[in-house]
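upload17.cif (mmCIF, C-alpha atoms)
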```cif
data_work
#
loop_
_atom_site.label_atom_id
_atom_site.label_comp_id
_atom_site.auth_asym_id
_atom_site.auth_seq_id
_atom_site.Cartn_x
_atom_site.Cartn_y
_atom_site.Cartn_z
CA MET A 1 13.86 -22.36 23.93
CA GLU A 2 10.20 -22.05 24.84
CA ILE A 3 8.60 -18.62 24.87
CA VAL A 4 5.10 -17.16 24.99
CA LEU A 5 4.15 -14.79 22.19
CA THR A 6 1.03 -12.64 22.39
CA VAL A 7 -0.24 -12.20 18.85
CA ASN A 8 -3.46 -10.30 18.29
CA LYS A 9 -4.20 -10.71 22.02
CA LYS A 10 -3.85 -14.48 21.85
CA ASP A 11 -1.03 -16.29 23.72
CA HIS A 12 1.04 -18.88 21.89
CA HIS A 13 3.50 -21.20 23.64
CA VAL A 14 6.14 -21.85 21.04
CA ILE A 15 9.64 -23.29 20.85
CA VAL A 16 12.04 -21.09 18.90
CA GLU A 17 15.71 -21.13 17.95
CA PRO A 18 17.87 -18.47 19.65
CA ASP A 19 18.43 -16.71 16.33
CA GLU A 20 14.94 -17.20 14.94
CA MET A 21 13.27 -14.08 13.60
CA LEU A 22 9.69 -13.15 14.39
CA LEU A 23 8.70 -13.32 10.72
CA ASP A 24 9.45 -17.05 10.62
CA THR A 25 7.77 -17.75 13.96
CA LEU A 26 4.61 -15.86 13.03
CA ARG A 27 4.28 -17.70 9.74
CA ARG A 28 4.90 -21.01 11.55
CA LEU A 29 2.04 -20.08 13.91
CA GLY A 30 -0.26 -19.53 10.93
CA TYR A 31 -0.08 -15.75 10.54
CA LYS A 32 0.49 -15.99 6.81
CA SER A 33 -0.35 -12.33 6.21
CA VAL A 34 3.20 -11.57 7.36
CA LYS A 35 5.25 -11.80 4.16
CA LYS A 36 8.94 -12.23 3.48
CA GLY A 37 10.38 -9.58 1.16
CA CYS A 38 14.02 -8.52 1.17
CA ASP A 39 14.67 -10.33 4.48
CA THR A 40 17.15 -7.57 5.40
CA SER A 41 14.75 -5.04 7.00
CA ASN A 42 14.79 -2.67 4.03
CA CYS A 43 11.52 -3.20 2.14
CA GLY A 44 8.92 -3.06 4.92
CA ILE A 45 6.89 -5.99 3.55
CA CYS A 46 7.26 -8.00 6.78
CA SER A 47 6.26 -5.12 9.09
CA VAL A 48 4.11 -5.81 12.13
CA SER A 49 3.18 -3.71 15.13
CA ILE A 50 4.96 -4.46 18.40
CA ASP A 51 3.76 -2.44 21.38
CA HIS A 52 2.23 0.04 18.90
CA LYS A 53 5.50 0.51 16.98
CA LEU A 54 5.97 -0.57 13.38
CA VAL A 55 8.95 -2.96 13.15
CA PRO A 56 10.39 -5.26 10.48
CA SER A 57 9.65 -8.78 11.73
CA CYS A 58 12.40 -10.24 9.50
CA SER A 59 15.04 -8.68 11.75
CA TYR A 60 13.26 -8.79 15.10
CA LEU A 61 14.35 -11.72 17.27
CA SER A 62 11.42 -13.87 18.39
CA VAL A 63 12.81 -14.13 21.93
CA ARG A 64 12.70 -10.34 22.16
CA ALA A 65 9.00 -10.30 21.37
CA GLN A 66 8.08 -12.21 24.51
CA GLY A 67 5.87 -10.09 26.78
CA LYS A 68 5.01 -7.63 24.02
CA ASP A 69 1.77 -7.05 22.13
CA ILE A 70 2.23 -8.20 18.56
CA LEU A 71 -0.33 -7.07 16.02
CA THR A 72 -0.70 -8.43 12.48
CA VAL A 73 -3.36 -7.56 9.94
CA GLU A 74 -5.41 -10.55 11.14
CA GLY A 75 -5.89 -8.71 14.44
CA LEU A 76 -7.19 -5.52 12.87
CA GLU A 77 -10.43 -7.09 11.64
CA GLU A 78 -12.94 -4.26 10.90
CA GLU A 79 -10.25 -1.58 10.54
CA ALA A 80 -8.41 -3.78 8.02
CA ARG A 81 -11.66 -4.27 6.10
CA LEU A 82 -12.27 -0.52 5.92
CA ILE A 83 -8.71 0.28 4.82
CA GLY A 84 -8.93 -2.57 2.32
CA GLU A 85 -12.12 -1.09 0.87
CA SER A 86 -10.41 2.27 0.44
CA LEU A 87 -7.45 0.60 -1.28
CA THR A 88 -9.81 -1.28 -3.62
CA ARG A 89 -11.87 1.85 -4.30
CA GLU A 90 -8.74 3.66 -5.50
CA GLY A 91 -7.71 0.72 -7.69
CA VAL A 92 -4.52 0.17 -5.72
CA GLU A 93 -4.63 -3.61 -5.41
CA GLN A 94 -2.46 -5.33 -7.98
CA CYS A 95 -0.42 -8.25 -6.65
CA GLY A 96 -1.46 -7.46 -3.07
CA TYR A 97 1.81 -8.71 -1.57
CA CYS A 98 2.54 -5.47 0.29
CA SER A 99 -1.05 -4.89 1.41
CA PRO A 100 -0.98 -6.62 4.85
CA SER A 101 2.10 -4.68 5.99
CA LEU A 102 0.73 -1.49 4.45
CA VAL A 103 -2.53 -1.85 6.40
CA VAL A 104 -0.59 -2.39 9.65
CA ALA A 105 1.63 0.59 8.80
CA ILE A 106 -1.43 2.78 8.20
CA HIS A 107 -2.82 1.61 11.56
CA THR A 108 0.35 2.47 13.50
CA MET A 109 0.69 5.76 11.63
CA LEU A 110 -2.84 6.82 12.60
CA GLU A 111 -2.20 5.77 16.20
CA GLU A 112 0.92 7.91 16.29
CA LEU A 113 0.01 10.93 14.15
CA LYS A 114 -3.80 11.12 14.48
CA GLN A 115 -4.39 13.52 11.54
CA PRO A 116 -1.26 13.26 9.37
CA THR A 117 -0.69 15.65 6.49
CA GLU A 118 0.05 14.33 3.00
CA ASP A 119 3.76 14.96 3.50
CA GLU A 120 3.69 13.15 6.85
CA ILE A 121 1.91 10.19 5.24
CA LYS A 122 4.48 9.99 2.46
CA HIS A 123 7.33 10.24 4.94
CA TYR A 124 5.88 7.63 7.33
CA LEU A 125 5.22 5.11 4.56
CA ALA A 126 8.43 5.73 2.59
CA GLY A 127 9.90 2.48 3.91
CA ASN A 128 6.96 0.35 2.72
CA MET A 129 7.89 -0.78 -0.78
CA CYS A 130 5.24 -1.63 -3.36
CA ARG A 131 6.66 -3.53 -6.30
CA CYS A 132 3.59 -2.64 -8.40
CA SER A 133 4.38 1.04 -7.72
CA GLY A 134 0.95 1.84 -6.32
CA PHE A 135 2.19 4.65 -4.13
CA GLU A 136 -0.05 7.41 -5.49
CA GLY A 137 -3.06 5.12 -5.10
CA HIS A 138 -1.99 4.30 -1.55
CA HIS A 139 -2.00 7.98 -0.67
CA ARG A 140 -5.43 8.52 -2.27
CA ALA A 141 -6.78 5.50 -0.39
CA ILE A 142 -5.41 6.70 2.96
CA LYS A 143 -6.89 10.14 2.37
CA HIS A 144 -10.25 8.53 1.56
CA HIS A 145 -10.04 6.28 4.63
CA MET A 146 -9.29 9.25 6.89
CA GLU A 147 -12.05 11.41 5.40
CA VAL A 148 -14.81 8.80 5.25
CA ASN A 149 -14.06 6.20 7.89
CA LEU A 150 -12.35 8.31 10.57
CA ASN A 151 -13.79 11.79 10.12
CA GLY A 152 -17.20 10.68 8.88
CA SER A 153 -17.44 12.95 5.82
CA GLN A 154 -18.87 11.60 2.52
CA MET B 1 24.45 -14.09 11.44
CA ASN B 2 23.62 -17.25 13.37
CA PHE B 3 24.19 -18.00 17.02
CA GLU B 4 23.86 -21.08 19.19
CA GLU B 5 22.54 -19.35 22.30
CA ILE B 6 21.19 -15.98 23.32
CA ILE B 7 21.33 -14.46 26.77
CA MET B 8 19.27 -11.47 27.84
CA PRO B 9 20.96 -9.85 30.85
CA ALA B 10 18.96 -7.58 33.13
CA THR B 11 21.88 -5.24 33.83
CA VAL B 12 24.86 -3.82 31.97
CA ALA B 13 27.19 -5.42 34.53
CA GLU B 14 25.77 -8.87 33.70
CA ALA B 15 26.09 -8.16 29.99
CA TYR B 16 29.69 -7.05 30.41
CA HIS B 17 30.53 -10.13 32.47
CA ALA B 18 29.12 -12.34 29.73
CA LEU B 19 31.03 -10.38 27.09
CA VAL B 20 34.41 -10.95 28.75
CA THR B 21 33.87 -14.53 29.93
CA ARG B 22 31.91 -16.23 27.13
CA GLU B 23 33.60 -17.75 24.11
CA ASN B 24 33.04 -16.00 20.75
CA PRO B 25 30.29 -13.60 21.88
CA VAL B 26 28.51 -10.85 19.96
CA VAL B 27 26.52 -7.96 21.40
CA ILE B 28 23.08 -7.36 19.87
CA GLY B 29 21.91 -3.74 19.89
CA GLY B 30 18.94 -3.14 17.61
CA GLY B 31 19.62 -6.25 15.58
CA GLY B 32 19.37 -4.56 12.19
CA PHE B 33 22.57 -6.16 11.00
CA ILE B 34 21.90 -9.75 12.07
CA LYS B 35 20.49 -10.61 8.67
CA LEU B 36 23.24 -8.82 6.80
CA GLN B 37 26.23 -10.64 8.27
CA LYS B 38 27.36 -14.12 7.31
CA ARG B 39 29.06 -15.37 10.43
CA ARG B 40 28.39 -17.89 13.16
CA VAL B 41 28.94 -17.04 16.82
CA THR B 42 28.45 -19.03 19.98
CA THR B 43 26.68 -16.53 22.20
CA ALA B 44 24.57 -13.49 21.44
CA ILE B 45 24.21 -10.97 24.27
CA ASP B 46 20.97 -9.05 23.84
CA LEU B 47 21.00 -5.63 25.54
CA SER B 48 17.27 -4.99 25.16
CA ARG B 49 16.51 -5.70 28.85
CA CYS B 50 19.41 -3.74 30.36
CA GLY B 51 17.47 -0.48 30.73
CA LEU B 52 19.56 1.44 28.21
CA ASP B 53 16.61 2.91 26.30
CA ALA B 54 16.10 6.12 28.30
CA ILE B 55 16.84 9.75 27.45
CA HIS B 56 17.94 11.99 30.30
CA LEU B 57 17.96 15.76 29.94
CA THR B 58 20.39 18.04 31.77
CA PRO B 59 20.83 21.80 31.30
CA GLU B 60 23.98 21.27 29.20
CA ASN B 61 23.52 17.86 27.63
CA ILE B 62 21.12 15.25 26.35
CA GLU B 63 22.12 11.81 27.61
CA VAL B 64 20.90 9.19 25.19
CA GLY B 65 20.88 5.53 26.24
CA ALA B 66 22.71 3.26 23.82
CA MET B 67 19.51 1.29 23.09
CA VAL B 68 17.43 4.34 22.18
CA THR B 69 16.07 3.84 18.67
CA LEU B 70 16.64 6.17 15.74
CA ARG B 71 12.90 6.82 15.54
CA THR B 72 12.85 7.99 19.16
CA ILE B 73 15.64 10.46 18.38
CA GLU B 74 13.83 11.61 15.23
CA THR B 75 10.65 12.39 17.13
CA HIS B 76 12.16 13.76 20.36
CA GLU B 77 11.56 17.48 20.72
CA GLU B 78 14.80 18.28 22.56
CA MET B 79 17.20 16.65 20.10
CA PRO B 80 19.55 18.94 18.14
CA ARG B 81 18.27 19.73 14.68
CA ALA B 82 21.19 18.08 12.85
CA LEU B 83 20.50 14.79 14.60
CA LYS B 84 16.73 14.82 14.01
CA THR B 85 17.20 15.72 10.34
CA ALA B 86 19.76 12.98 9.81
CA MET B 87 17.42 10.31 11.18
CA ARG B 88 14.52 11.18 8.90
CA ASN B 89 15.58 9.40 5.73
CA ILE B 90 17.29 6.33 7.12
CA VAL B 91 15.39 3.57 5.28
CA GLY B 92 11.89 3.63 6.83
CA VAL B 93 10.02 4.09 10.09
CA ALA B 94 10.02 0.33 10.78
CA LEU B 95 13.80 0.06 10.58
CA ARG B 96 14.23 3.22 12.64
CA ASN B 97 12.03 1.65 15.33
CA LEU B 98 14.45 -1.28 15.40
CA VAL B 99 17.92 0.20 14.98
CA THR B 100 19.61 1.77 17.99
CA VAL B 101 21.95 4.72 18.25
CA GLY B 102 24.47 2.63 20.19
CA GLY B 103 24.57 -0.09 17.56
CA SER B 104 25.05 2.52 14.86
CA VAL B 105 28.00 4.07 16.70
CA MET B 106 29.69 0.79 17.68
CA GLY B 107 29.64 -0.38 14.06
CA LYS B 108 31.72 2.64 12.96
CA TYR B 109 29.88 2.32 9.66
CA GLY B 110 31.24 4.49 6.87
CA PHE B 111 27.79 4.98 5.33
CA SER B 112 26.31 6.13 8.63
CA ASP B 113 23.99 9.13 8.72
CA VAL B 114 23.99 8.74 12.52
CA ILE B 115 27.68 9.17 13.30
CA THR B 116 28.21 12.33 11.22
CA PRO B 117 25.86 14.66 13.20
CA LEU B 118 26.96 13.13 16.51
CA LEU B 119 30.59 13.90 15.62
CA ALA B 120 29.81 17.49 14.66
CA LEU B 121 27.91 17.89 17.94
CA ASP B 122 30.99 16.84 19.98
CA THR B 123 29.30 13.78 21.42
CA HIS B 124 31.00 11.79 24.15
CA LEU B 125 30.49 8.09 24.83
CA GLU B 126 30.23 6.36 28.18
CA PHE B 127 31.37 2.74 28.30
CA HIS B 128 30.79 0.32 31.16
CA SER B 129 34.48 -0.44 31.65
CA LYS B 130 36.51 2.20 29.81
CA GLY B 131 34.48 5.14 31.07
CA ARG B 132 34.06 8.26 28.97
CA MET B 133 35.77 9.18 25.73
CA SER B 134 34.95 11.47 22.84
CA LEU B 135 33.28 9.99 19.77
CA GLU B 136 36.11 11.52 17.78
CA LYS B 137 38.70 9.53 19.75
CA PHE B 138 36.58 6.36 19.59
CA LEU B 139 36.33 6.53 15.79
CA GLN B 140 40.10 6.85 15.44
CA SER B 141 40.91 4.21 18.06
CA GLN B 142 42.13 0.76 17.06
CA ASP B 143 41.43 -0.57 20.58
CA ARG B 144 39.44 -3.82 20.23
CA THR B 145 39.00 -4.43 23.97
CA PRO B 146 35.42 -5.61 24.43
CA ASP B 147 33.13 -3.22 26.24
CA ILE B 148 29.47 -2.20 26.44
CA LEU B 149 28.41 1.28 25.35
CA VAL B 150 26.04 2.61 28.00
CA LYS B 151 25.07 6.05 26.75
CA LEU B 152 25.92 8.99 24.53
CA ILE B 153 26.33 12.48 25.95
CA VAL B 154 25.18 14.96 23.31
CA PRO B 155 25.80 18.66 24.07
CA ARG B 156 22.87 20.98 23.47
CA ALA B 157 24.40 22.85 20.54
CA ALA B 158 23.08 26.34 19.98
CA HIS B 159 22.92 25.66 16.24
CA SER B 160 23.33 22.60 14.07
CA ALA B 161 22.36 21.36 10.62
CA PHE B 162 22.68 18.22 8.49
CA TYR B 163 23.01 17.97 4.72
CA ASN B 164 23.25 14.91 2.49
CA LEU B 165 22.57 13.62 -0.97
CA GLN B 166 20.73 10.36 -1.67
CA LEU B 167 19.76 8.89 -5.02
CA THR B 168 16.34 7.98 -3.60
CA TYR B 169 14.39 9.05 -0.53
CA THR B 170 15.45 6.13 1.66
CA ASP B 171 18.85 5.25 0.16
CA PHE B 172 22.25 5.47 1.81
CA SER B 173 23.91 8.86 1.46
CA MET B 174 26.49 9.35 -1.28
CA VAL B 175 28.01 11.88 1.06
CA ASN B 176 26.76 13.57 4.21
CA LEU B 177 27.80 16.63 6.17
CA ALA B 178 26.87 18.01 9.57
CA ILE B 179 27.79 21.34 11.05
CA ALA B 180 27.35 22.49 14.63
CA LYS B 181 28.21 25.57 16.60
CA ASN B 182 28.44 25.94 20.31
CA HIS B 183 31.57 27.73 21.38
CA HIS B 184 33.34 26.58 18.23
CA LEU B 185 32.31 25.55 14.75
CA ARG B 186 32.64 21.85 13.93
CA ILE B 187 32.10 20.24 10.55
CA ALA B 188 31.83 16.46 10.08
CA VAL B 189 31.80 14.75 6.70
CA GLY B 190 30.71 11.12 6.32
CA ALA B 191 29.98 8.49 3.68
CA ARG B 192 33.27 9.50 2.01
CA PRO B 193 32.71 6.39 1.89
CA GLY B 194 34.88 5.95 5.00
CA VAL B 195 33.64 6.76 8.49
CA ALA B 196 32.99 10.42 9.26
CA ARG B 197 35.90 12.78 9.86
CA LEU B 198 35.91 16.06 11.75
CA LEU B 199 37.13 19.55 10.89
CA LYS B 200 37.39 21.83 13.93
CA ASP B 201 37.18 25.59 13.80
CA PRO B 202 37.71 25.90 10.05
CA ASN B 203 38.91 29.20 8.68
CA LEU B 204 35.73 30.62 7.20
CA HIS B 205 37.73 32.96 4.98
CA LEU B 206 38.73 29.89 2.98
CA SER B 207 36.57 28.44 0.21
CA PRO B 208 34.64 25.15 0.72
CA GLN B 209 37.23 23.49 -1.54
CA GLU B 210 40.07 24.68 0.68
CA ILE B 211 38.27 23.78 3.91
CA LEU B 212 37.64 20.20 2.71
CA GLU B 213 41.10 19.77 1.20
CA PRO B 214 42.48 17.70 4.16
CA LEU B 215 39.75 15.05 3.81
CA LYS B 216 40.06 11.95 1.66
CA PHE B 217 37.21 10.82 -0.58
CA ALA B 218 37.18 7.47 -2.32
CA ASP B 219 35.30 5.44 -4.93
CA ASP B 220 32.68 2.78 -4.33
CA ASP B 221 29.64 1.55 -6.27
CA LYS B 222 27.62 4.62 -5.23
CA ALA B 223 29.93 7.35 -6.43
CA SER B 224 33.50 8.19 -7.29
CA GLY B 225 35.73 10.00 -4.84
CA GLU B 226 35.95 12.94 -7.23
CA TYR B 227 32.15 13.20 -7.40
CA ARG B 228 31.85 12.88 -3.63
CA ARG B 229 34.32 15.72 -3.12
CA ALA B 230 32.36 17.94 -5.51
CA LEU B 231 29.13 17.09 -3.68
CA ALA B 232 30.68 17.75 -0.28
CA GLU B 233 31.95 21.13 -1.44
CA THR B 234 28.44 22.05 -2.60
CA LEU B 235 26.86 20.86 0.65
CA LEU B 236 29.43 22.82 2.64
CA ALA B 237 28.77 25.96 0.61
CA ASP B 238 25.06 25.60 1.47
CA ALA B 239 25.91 24.93 5.12
CA LEU B 240 28.13 28.00 5.37
CA LYS B 241 25.33 30.17 4.00
CA GLU B 242 23.17 28.87 6.84
CA VAL B 243 25.95 29.42 9.39
CA ALA B 244 26.11 33.06 8.32
CA GLN B 245 22.51 33.43 9.50
CA TRP B 246 23.24 31.97 12.95
CA LYS B 247 23.47 34.59 15.66
#
```

Could you write out this file's structure as structure tokens?
Amino acid sequence: MEIVLTVNKKDHHVIVEPDEMLLDTLRRLGYKSVKKGCDTSNCGICSVSIDHKLVPSCSYLSVRAQGKDILTVEGLEEEARLIGESLTREGVEQCGYCSPSLVVAIHTMLEELKQPTEDEIKHYLAGNMCRCSGFEGHHRAIKHHMEVNLNGSQ
Amino acid sequence: MNFEEIIMPATVAEAYHALVTRENPVVIGGGGFIKLQKRRVTTAIDLSRCGLDAIHLTPENIEVGAMVTLRTIETHEEMPRALKTAMRNIVGVALRNLVTVGGSVMGKYGFSDVITPLLALDTHLEFHSKGRMSLEKFLQSQDRTPDILVKLIVPRAAHSAFYNLQLTYTDFSMVNLAIAKNHHLRIAVGARPGVARLLKDPNLHLSPQEILEPLKFADDDKASGEYRRALAETLLADALKEVAQWK
């Protein structure tokens, strides 16, 4: 079936299977930042933003995504660069496999919570698994990003 | 799960018609279980465009559309405390933005952290064809007649609380327990590992061990039945301390 997907504000006419998941369609369209992890919606590695909500693309039907705003890390551009710098500054990057979904998760979290506390950050990101166990570094990096890039303090 | 076709009805009536006329259909709520089931069906009926994702507040109840997500319940100010607490540690935010309360109820999942507080809160279900029935009756029913769950009617309990034990922050519960008080006290215990069971108006002069005596607990790869019972007794003891503070 043919559908139109709006990814990072760009429309794609694409033919999908009825049971095709958004993860597979996005990667087919060239959005390789979207990674396959557990493929059962438990690890958070495949997360993208749909209408400003973080969702696991491995379990989200592509046909359902028609008419919605899909955001991947490719669409975050400058914000992704700034978050990436904070992650690098805190020495978080190891294999980097979880980073694209983490950056999108940080984006949706800051849209939803504005000025989250440390506990709120930990709770919001609890479903984003990092196999290198960089969680403490993630939290330091988010704190740095909020302080320097969002609140303007040095 | 794989399917050959998917239809996306605009109304519940259309969805119900498809459910009773199509060959080998399956209803898709949130879709969280599509990847976890190895089966092939002919037609998937997606409820996401049927307008079942609204929450309606009345003085006595909170009416929750079957397609409302767990994250919406978690963050909704009017939801009973037991329900909001139970949602918090179900996997992660992304999954909770996907999974729906209706799908969680219709699955009658034994591990569910969703069903247990709803049962304690004396929730009623409204189906398109069968009309209303209590969640308690639905969980015990063997009726397999196909139907579409439209909404859940959750009473505004004066007090409620949820307790559970997980090995890790986002894991399934080894056992869970919800307690609610409106006119009567209701205790629900889930992840036994069977689906949640209800204890109505327990005699509070009895010990937690005696109150939980009628319930069965069993073994699975998470915990033994004996361990689950011991955990449930501890959770109930904590819950009863909290109940004593309720006015």

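Near chain A, the residues of chain B that fall inside 8 Å (using only C-alpha atoms) are Asn2, Phe3, Glu4, Glu5, Ile6, Gly31, Gly32, Phe33, Ile34, Lys35, Leu36, Ser48, Val91, Gly92, Val93, Ala94, Leu95, Asn97, Leu98, Tyr169 and Thr170 of chain B.
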
Please save C-alpha atoms of the selected residues as a PDB file, in the frame of the given file.
```pdb
ATOM      1  CA  ASN B   2      23.620 -17.250  13.370  1.00  0.00           C
ATOM      2  CA  PHE B   3      24.190 -18.000  17.020  1.00  0.00           C
ATOM      3  CA  GLU B   4      23.860 -21.080  19.190  1.00  0.00           C
ATOM      4  CA  GLU B   5      22.540 -19.350  22.300  1.00  0.00           C
ATOM      5  CA  ILE B   6      21.190 -15.980  23.320  1.00  0.00           C
ATOM      6  CA  GLY B  31      19.620  -6.250  15.580  1.00  0.00           C
ATOM      7  CA  GLY B  32      19.370  -4.560  12.190  1.00  0.00           C
ATOM      8  CA  PHE B  33      22.570  -6.160  11.000  1.00  0.00           C
ATOM      9  CA  ILE B  34      21.900  -9.750  12.070  1.00  0.00           C
ATOM     10  CA  LYS B  35      20.490 -10.610   8.670  1.00  0.00           C
ATOM     11  CA  LEU B  36      23.240  -8.820   6.800  1.00  0.00           C
ATOM     12  CA  SER B  48      17.270  -4.990  25.160  1.00  0.00           C
ATOM     13  CA  VAL B  91      15.390   3.570   5.280  1.00  0.00           C
ATOM     14  CA  GLY B  92      11.890   3.630   6.830  1.00  0.00           C
ATOM     15  CA  VAL B  93      10.020   4.090  10.090  1.00  0.00           C
ATOM     16  CA  ALA B  94      10.020   0.330  10.780  1.00  0.00           C
ATOM     17  CA  LEU B  95      13.800   0.060  10.580  1.00  0.00           C
ATOM     18  CA  ASN B  97      12.030   1.650  15.330  1.00  0.00           C
ATOM     19  CA  LEU B  98      14.450  -1.280  15.400  1.00  0.00           C
ATOM     20  CA  TYR B 169      14.390   9.050  -0.530  1.00  0.00           C
ATOM     21  CA  THR B 170      15.450   6.130   1.660  1.00  0.00           C
TER      22      THR B 170
END
```

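Using all atoms listed in the file, the shortest contact distance between B:Pro208 and any of B:Ala158, B:Ala237, B:Ala223, B:Leu185 is found at B:Ala237.
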
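With all atoms listed in the file as the basis for measurement, A:Ser86 is the residue among A:Ser86, A:Gln94, A:Ser133, A:Ser99 that approaches A:Met146 most closely.
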
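Using the PyMOL selection byres ((chain A and resi 139) around 10) on this structure selects Leu87, Glu90, Val92, Glu118, Asp119, Ile121, Lys122, Leu125, Gly134, Phe135, Glu136, Gly137, His138, Arg140, Ala141, Ile142, Lys143, His144 and His145 of chain A.
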
Prev. selection, C-alpha atoms, output as a PDB file, keeping the file's coordinate frame:
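Resulting contents of part.pdb:
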```pdb
ATOM      1  CA  LEU A  87      -7.450   0.600  -1.280  1.00  0.00           C
ATOM      2  CA  GLU A  90      -8.740   3.660  -5.500  1.00  0.00           C
ATOM      3  CA  VAL A  92      -4.520   0.170  -5.720  1.00  0.00           C
ATOM      4  CA  GLU A 118       0.050  14.330   3.000  1.00  0.00           C
ATOM      5  CA  ASP A 119       3.760  14.960   3.500  1.00  0.00           C
ATOM      6  CA  ILE A 121       1.910  10.190   5.240  1.00  0.00           C
ATOM      7  CA  LYS A 122       4.480   9.990   2.460  1.00  0.00           C
ATOM      8  CA  LEU A 125       5.220   5.110   4.560  1.00  0.00           C
ATOM      9  CA  GLY A 134       0.950   1.840  -6.320  1.00  0.00           C
ATOM     10  CA  PHE A 135       2.190   4.650  -4.130  1.00  0.00           C
ATOM     11  CA  GLU A 136      -0.050   7.410  -5.490  1.00  0.00           C
ATOM     12  CA  GLY A 137      -3.060   5.120  -5.100  1.00  0.00           C
ATOM     13  CA  HIS A 138      -1.990   4.300  -1.550  1.00  0.00           C
ATOM     14  CA  ARG A 140      -5.430   8.520  -2.270  1.00  0.00           C
ATOM     15  CA  ALA A 141      -6.780   5.500  -0.390  1.00  0.00           C
ATOM     16  CA  ILE A 142      -5.410   6.700   2.960  1.00  0.00           C
ATOM     17  CA  LYS A 143      -6.890  10.140   2.370  1.00  0.00           C
ATOM     18  CA  HIS A 144     -10.250   8.530   1.560  1.00  0.00           C
ATOM     19  CA  HIS A 145     -10.040   6.280   4.630  1.00  0.00           C
TER      20      HIS A 145
END
```

Fill in: Distance of atom CA of B:Ile115 from atom CA of B:Val68, expressed in Å to one decimal place
14.4 Å

Worksheet item: How far is it from atom CA of B:Ala82 to atom CA of B:Arg156, in Å with one decimal?
Response: 11.1 Å

Practice prompt. Take the PyMOL selection byres ((chain B and resi 177) around 9), apply it to the structure above, and return the hits as JSON, numbers by chain.
Written response: {"B": [113, 116, 117, 120, 161, 162, 163, 164, 175, 176, 178, 179, 187, 188, 189, 190, 191, 196, 232, 235, 236, 239]}

Response to the item:
For B:Ala66, the closest of B:Met106, B:Val26, B:Leu206, B:Leu165 counting all atoms listed in the file is B:Met106

Worksheet entry | Nearest to A:Lys32, chosen from A:Ile106, A:Val73, A:Cys130, A:Leu5, with all atoms listed in the file counted in the distances | A:Val73

Item to complete: Would you kindly translate the PyMOL selection byres ((chain B and resi 16) around 12) into the concrete residues it picks from this file, as a VMD selection string?
Response: chain B and resid 7 to 15 17 to 22 25 to 27 45 to 47 50 127 to 130 145 to 150

Practice prompt. Please indicate the distance in Å from atom CA of B:Pro193 to atom CA of B:Arg229, rounded to one decimal place.
Written response: 10.7 Å

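Distances from A:Val104, A:Lys68, A:Ser62, A:His13 to A:Gly84 were compared using all atoms listed in the file, and the smallest one belongs to A:Val104.
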
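Each of A:Lys114, A:Lys9, A:Arg81, A:Arg131 was checked against A:Gly37 using only C-alpha atoms; the smallest atom-to-atom distance is that of A:Arg131.
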
Taking all atoms of stretch 204-218 of chain B that the file lists, what box with edges along x, y and z, padded by 8 Å per side, do you get, with centre and edge lengths in Å to one decimal, as JSON?
```
{"center_x": 38.6, "center_y": 20.2, "center_z": 2.4, "size_x": 23.8, "size_y": 41.5, "size_z": 25.5}
```
